[in-house]
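Peer 1: Below is the structure I would like to discuss, written out as structure tokens.
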Amino acid sequence: MRIIRLHFYLIAFLSLSISWCQSKKYTIHTVAFYNFENLFDTINDPTTHDDEWTPSGSQHWTKEKYELKLKNLARVLSEIGTADNPNGPTLIGGSEIENRGVLEDLIKQPKLQHLDYGIIHFDSPDKRGIDVALLYQKKYFRPTSYSNIPLYIYKNNAIEKEENKVETDDEVEIKTVNNNRIFTRDQLLITGFLEGEEIHIIVNHWPSRSGGEKKSSPFRELAGSLNRRIIDSLQQINPNAKVMTMGDLNDGPFNRSVKLALGAKAKKSEVPEFGVFNPFEEMAVKGMGTIAFRDSWDIFDQIIITESLIKPDFLTFKFWKAGIFNTPFLITTSGQYKGYPLRHTLTEVGFSDHFPVYIYLIKEMK
């Protein structure tokens, strides 16, 4: 059986091309998502519940800890996907971000500064003030429009009628005369040109599982439905719209929010016209994960793409492959949580309780 080998060569400083069967060359870009887990500065914001992330708060969050957190995150971001692409990710979606200021501090870190990242960020209505954002290498991606799309979800008054206010780790419910709205993260939609090709990115952090997976599932299903409506609207304008939706979905590839509301398929052959493909479902089947709880792994962090990105040609940018960045320095090496992502504790400034995920986009060079 003939074996096809894929080789990579670095050309023109940071522009990477692929030599396939020694006859074709491909440009490659890495697209990543990472939950930064509580990327807070040390300043108390009176409009949000960030008190614990201050020097006098329960986390004893000092300037020194904050600066180490930035250094740690910069190391991770600079290395995602470099096994096949020496250049850092062209596009990085992020979540659990307090404000634009922490992102400005992050992209100035020595390991990231040379990549010249731009920032797209909006403040969300989340009670802790944690937001989603996109970082992009200005050399390769030019944004043309971006907006934050609110997710309107409500508690059932019959279930919660005895409570005037219900708080969770990530969201807050405010009871009004007619309904209970849960204020959660907006969905961030960005349109722009990747080396001249129009693409669309949706960055997400769907409602948490606070109160239990089953009880909270309808909220994430609504988030998946909103995602689907955004994609539908883009495809109505351009049937060949290339859309990538990424984020911490607080659900795995098999949950209703992803499989039914969004309609993601595990195999390329199953994806209908205008459908979406989830390369992380196959990894979940193999027992891989981005987050662990009680020694059970799941893939909450996913990058899901439209059918237009998996068509069998590479004349324009198309999906090549996906991965979970779980390099050894991101893994706890001892104790109760050995093997888990190395997260922040009161005694150690780690990285995150999630592993990052990434995909490669490639295009044949003329």
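Following the order of the structure tokens, chains are lettered A, B, ..., residues in each are numbered from 1, and ligands are numbered from 1.
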Taking the chain letters and numbering used in this document, name the residues of stretch 185-279 of chain A that DSSP puts in strand (DSSP E or B), as a list in words.
Peer 2: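 The strand (DSSP E or B) residues within stretch 185-279 of chain A come out as Gln187, Leu188, Leu189, Ile190, Thr191, Gly192, Phe193, Leu194, Glu197, Glu198, Ile199, His200, Ile201, Ile202, Val203, Asn204, His205, Val243, Met244, Thr245, Met246, Gly247, Asp248, Ala264, Lys265, Val276 and Phe277 of chain A.
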Peer 1: Got time to write the residues from that selection, C-alpha atoms, as a CSV table (one decimal), in the first residue's frame?
Peer 2:
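Ended up saving to selection.csv:
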chain,number,residue,atom,x,y,z
A,187,GLN,CA,-21.6,35.0,21.9
A,188,LEU,CA,-18.9,36.9,20.1
A,189,LEU,CA,-19.2,36.9,16.3
A,190,ILE,CA,-16.3,38.0,14.2
A,191,THR,CA,-16.0,38.3,10.4
A,192,GLY,CA,-12.8,39.0,8.7
A,193,PHE,CA,-10.3,37.9,6.0
A,194,LEU,CA,-7.6,35.3,6.6
A,197,GLU,CA,-10.4,34.7,2.4
A,198,GLU,CA,-13.5,35.6,4.3
A,199,ILE,CA,-14.2,33.5,7.4
A,200,HIS,CA,-16.5,33.8,10.4
A,201,ILE,CA,-15.6,32.9,14.0
A,202,ILE,CA,-18.0,32.5,17.0
A,203,VAL,CA,-16.4,32.5,20.4
A,204,ASN,CA,-18.5,30.9,23.2
A,205,HIS,CA,-18.7,30.2,26.9
A,243,VAL,CA,-17.8,29.4,10.0
A,244,MET,CA,-15.9,28.1,13.0
A,245,THR,CA,-17.7,28.1,16.3
A,246,MET,CA,-15.4,27.5,19.3
A,247,GLY,CA,-15.5,27.6,23.0
A,248,ASP,CA,-16.0,26.1,26.5
A,264,ALA,CA,-22.9,18.6,14.9
A,265,LYS,CA,-21.8,15.4,13.2
A,276,VAL,CA,-21.5,21.3,10.9
A,277,PHE,CA,-18.7,18.9,11.7
Peer 1: With 12 Å as the cut-off and only C-alpha atoms counted, what is the closest atom pair between each nearby residue of stretch 73-134 of chain A and stretch 25-39 of chain A? Distances in Å to one decimal, ordered by chain and number, as a Markdown table.
Peer 2:
| residue | atom | partner | partner_atom | distance |
| --- | --- | --- | --- | --- |
| A:Leu73 | CA | A:Phe36 | CA | 7.3 |
| A:Ala74 | CA | A:Phe36 | CA | 10.4 |
| A:Val76 | CA | A:Tyr34 | CA | 9.3 |
| A:Leu77 | CA | A:Tyr34 | CA | 8.3 |
| A:Ser78 | CA | A:Ala32 | CA | 10.8 |
| A:Glu79 | CA | A:Thr30 | CA | 10.7 |
| A:Ile80 | CA | A:Ala32 | CA | 7.4 |
| A:Gly81 | CA | A:Thr30 | CA | 6.4 |
| A:Thr82 | CA | A:Thr30 | CA | 8.6 |
| A:Ala83 | CA | A:Thr30 | CA | 10.7 |
| A:Asp84 | CA | A:Ile28 | CA | 9.0 |
| A:Asn85 | CA | A:Ile28 | CA | 7.2 |
| A:Pro86 | CA | A:Thr30 | CA | 9.6 |
| A:Asn87 | CA | A:Thr30 | CA | 8.1 |
| A:Gly88 | CA | A:Thr30 | CA | 7.2 |
| A:Pro89 | CA | A:Thr30 | CA | 4.5 |
| A:Thr90 | CA | A:Thr30 | CA | 5.6 |
| A:Leu91 | CA | A:Val31 | CA | 4.9 |
| A:Ile92 | CA | A:Ala32 | CA | 4.7 |
| A:Gly93 | CA | A:Phe33 | CA | 4.5 |
| A:Gly94 | CA | A:Tyr34 | CA | 5.1 |
| A:Ser95 | CA | A:Asn35 | CA | 4.8 |
| A:Glu96 | CA | A:Asn38 | CA | 5.3 |
| A:Ile97 | CA | A:Leu39 | CA | 5.1 |
| A:Glu98 | CA | A:Leu39 | CA | 6.1 |
| A:Asn99 | CA | A:Leu39 | CA | 8.7 |
| A:Arg100 | CA | A:Leu39 | CA | 10.7 |
| A:Gly101 | CA | A:Leu39 | CA | 10.4 |
| A:Val102 | CA | A:Leu39 | CA | 7.1 |
| A:Leu103 | CA | A:Leu39 | CA | 8.8 |
| A:Glu104 | CA | A:Leu39 | CA | 11.9 |
| A:Asp105 | CA | A:Leu39 | CA | 10.8 |
| A:Leu106 | CA | A:Leu39 | CA | 9.7 |
| A:Arg128 | CA | A:Asn38 | CA | 9.7 |
| A:Gly129 | CA | A:Asn38 | CA | 10.2 |
| A:Ile130 | CA | A:Asn38 | CA | 7.7 |
| A:Asp131 | CA | A:Leu39 | CA | 9.9 |
| A:Val132 | CA | A:Asn35 | CA | 9.0 |
| A:Ala133 | CA | A:Phe33 | CA | 10.0 |
| A:Leu134 | CA | A:Phe33 | CA | 9.0 |
Peer 1: Taking 5 positions as the minimum chain separation for residues in the same chain, which residues sit within 9 Å of stretch 293-310 of chain A when counting only C-alpha atoms? Answer as an MDAnalysis selection string.
Peer 2: chainID A and resid 31:35 231 239:253 264 268 271:281 283:284 287:288 316:320 322 337 340 354:359 361
Peer 1: Taking only C-alpha atoms into account, name the residue in A:Asp126, A:Phe40, A:Ser233, A:Thr347 that is nearest to A:Lys69.
Peer 2: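 The closest residue to A:Lys69 is A:Phe40.
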Peer 1: Write down as a ChimeraX atom specification the residues of stretch 219-319 of chain A whose backbone DSSP state falls under alpha helix (DSSP H).
Peer 2: /A:219-237,256,280-285
Peer 1: Let me make sure I understand: among A:Ser216, A:Thr54, A:Asp123, A:Pro110, which one has the smallest atom-to-atom distance to A:Arg75 if we use only C-alpha atoms?
Peer 2: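 Of A:Ser216, A:Thr54, A:Asp123, A:Pro110, the one nearest A:Arg75 is A:Pro110, counting only C-alpha atoms.
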Peer 1: Name all residues at most 10 Å from A:Phe329 (count only C-alpha atoms; drop same-chain ones fewer than 4 positions away) and give them as number ranges by chain.
Peer 2: A: 76, 333, 341-342, 350-351
Peer 1: Report, in Å to a single decimal, how far apart atom CA of A:Leu346 and atom CA of A:Gly57 are.
Peer 2: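 Between atom CA of A:Gly57 and atom CA of A:Leu346 the gap is 11.3 Å.
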Peer 1: Determine, for each residue of stretch 257-349 of chain A having at least one atom at most 6 Å from an atom of stretch 220-226 of chain A, the closest pair of atoms and their separation in Å to one decimal, counting only C-alpha atoms; order by chain and ascending number, as CSV.
Peer 2:
residue,atom,partner,partner_atom,distance
A:Ser257,CA,A:Glu221,CA,4.0
A:Ala261,CA,A:Ser225,CA,4.9
A:Leu262,CA,A:Gly224,CA,4.9
Peer 1: Could you save the residues just selected, with N, CA, C and O atoms, as a PDB file, in the first residue's frame?
Peer 2:
ATOM      1  N   SER A 257     -27.076  19.810  23.518  1.00  0.00           N
ATOM      2  CA  SER A 257     -26.773  21.156  23.026  1.00  0.00           C
ATOM      3  C   SER A 257     -25.909  21.118  21.771  1.00  0.00           C
ATOM      4  O   SER A 257     -26.073  21.955  20.867  1.00  0.00           O
ATOM      5  N   ALA A 261     -29.207  20.615  19.225  1.00  0.00           N
ATOM      6  CA  ALA A 261     -29.444  22.049  19.013  1.00  0.00           C
ATOM      7  C   ALA A 261     -28.534  22.621  17.929  1.00  0.00           C
ATOM      8  O   ALA A 261     -28.985  23.341  17.035  1.00  0.00           O
ATOM      9  N   LEU A 262     -27.253  22.285  18.005  1.00  0.00           N
ATOM     10  CA  LEU A 262     -26.309  22.764  16.989  1.00  0.00           C
ATOM     11  C   LEU A 262     -26.279  21.837  15.787  1.00  0.00           C
ATOM     12  O   LEU A 262     -26.047  22.274  14.659  1.00  0.00           O
TER      13      LEU A 262
END
Peer 1: Quick check, in Å to one decimal: how far apart do atom CA of A:Tyr360 and atom CA of A:Lys311 lie?
Peer 2: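 Distance reported for this atom pair: 14.6 Å.
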Peer 1: So, with only C-alpha atoms as the atoms that count, which of A:Thr42, A:Ala292, A:Gln113, A:Pro328 lies closest to A:Glu64?
Peer 2: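 The closest residue to A:Glu64 is A:Thr42.
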Peer 1: To one decimal place, how far is atom CA of A:Ile362 from atom CA of A:Arg142 in Å?
Peer 2: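 Computing the Euclidean distance for atom CA of A:Ile362 and atom CA of A:Arg142 yields 17.6 Å.
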Peer 1: Could you tell me which of A:Leu68, A:Ile120, A:Val349, A:Leu315 comes closest to A:Lys366 if we count only C-alpha atoms?
Peer 2: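 Closest to A:Lys366 of all the choices is A:Leu315.
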Peer 1: Using only C-alpha atoms, which of A:Trp53, A:Tyr154, A:Phe141, A:Tyr136 sits nearest A:Lys65?
Peer 2: A:Trp53
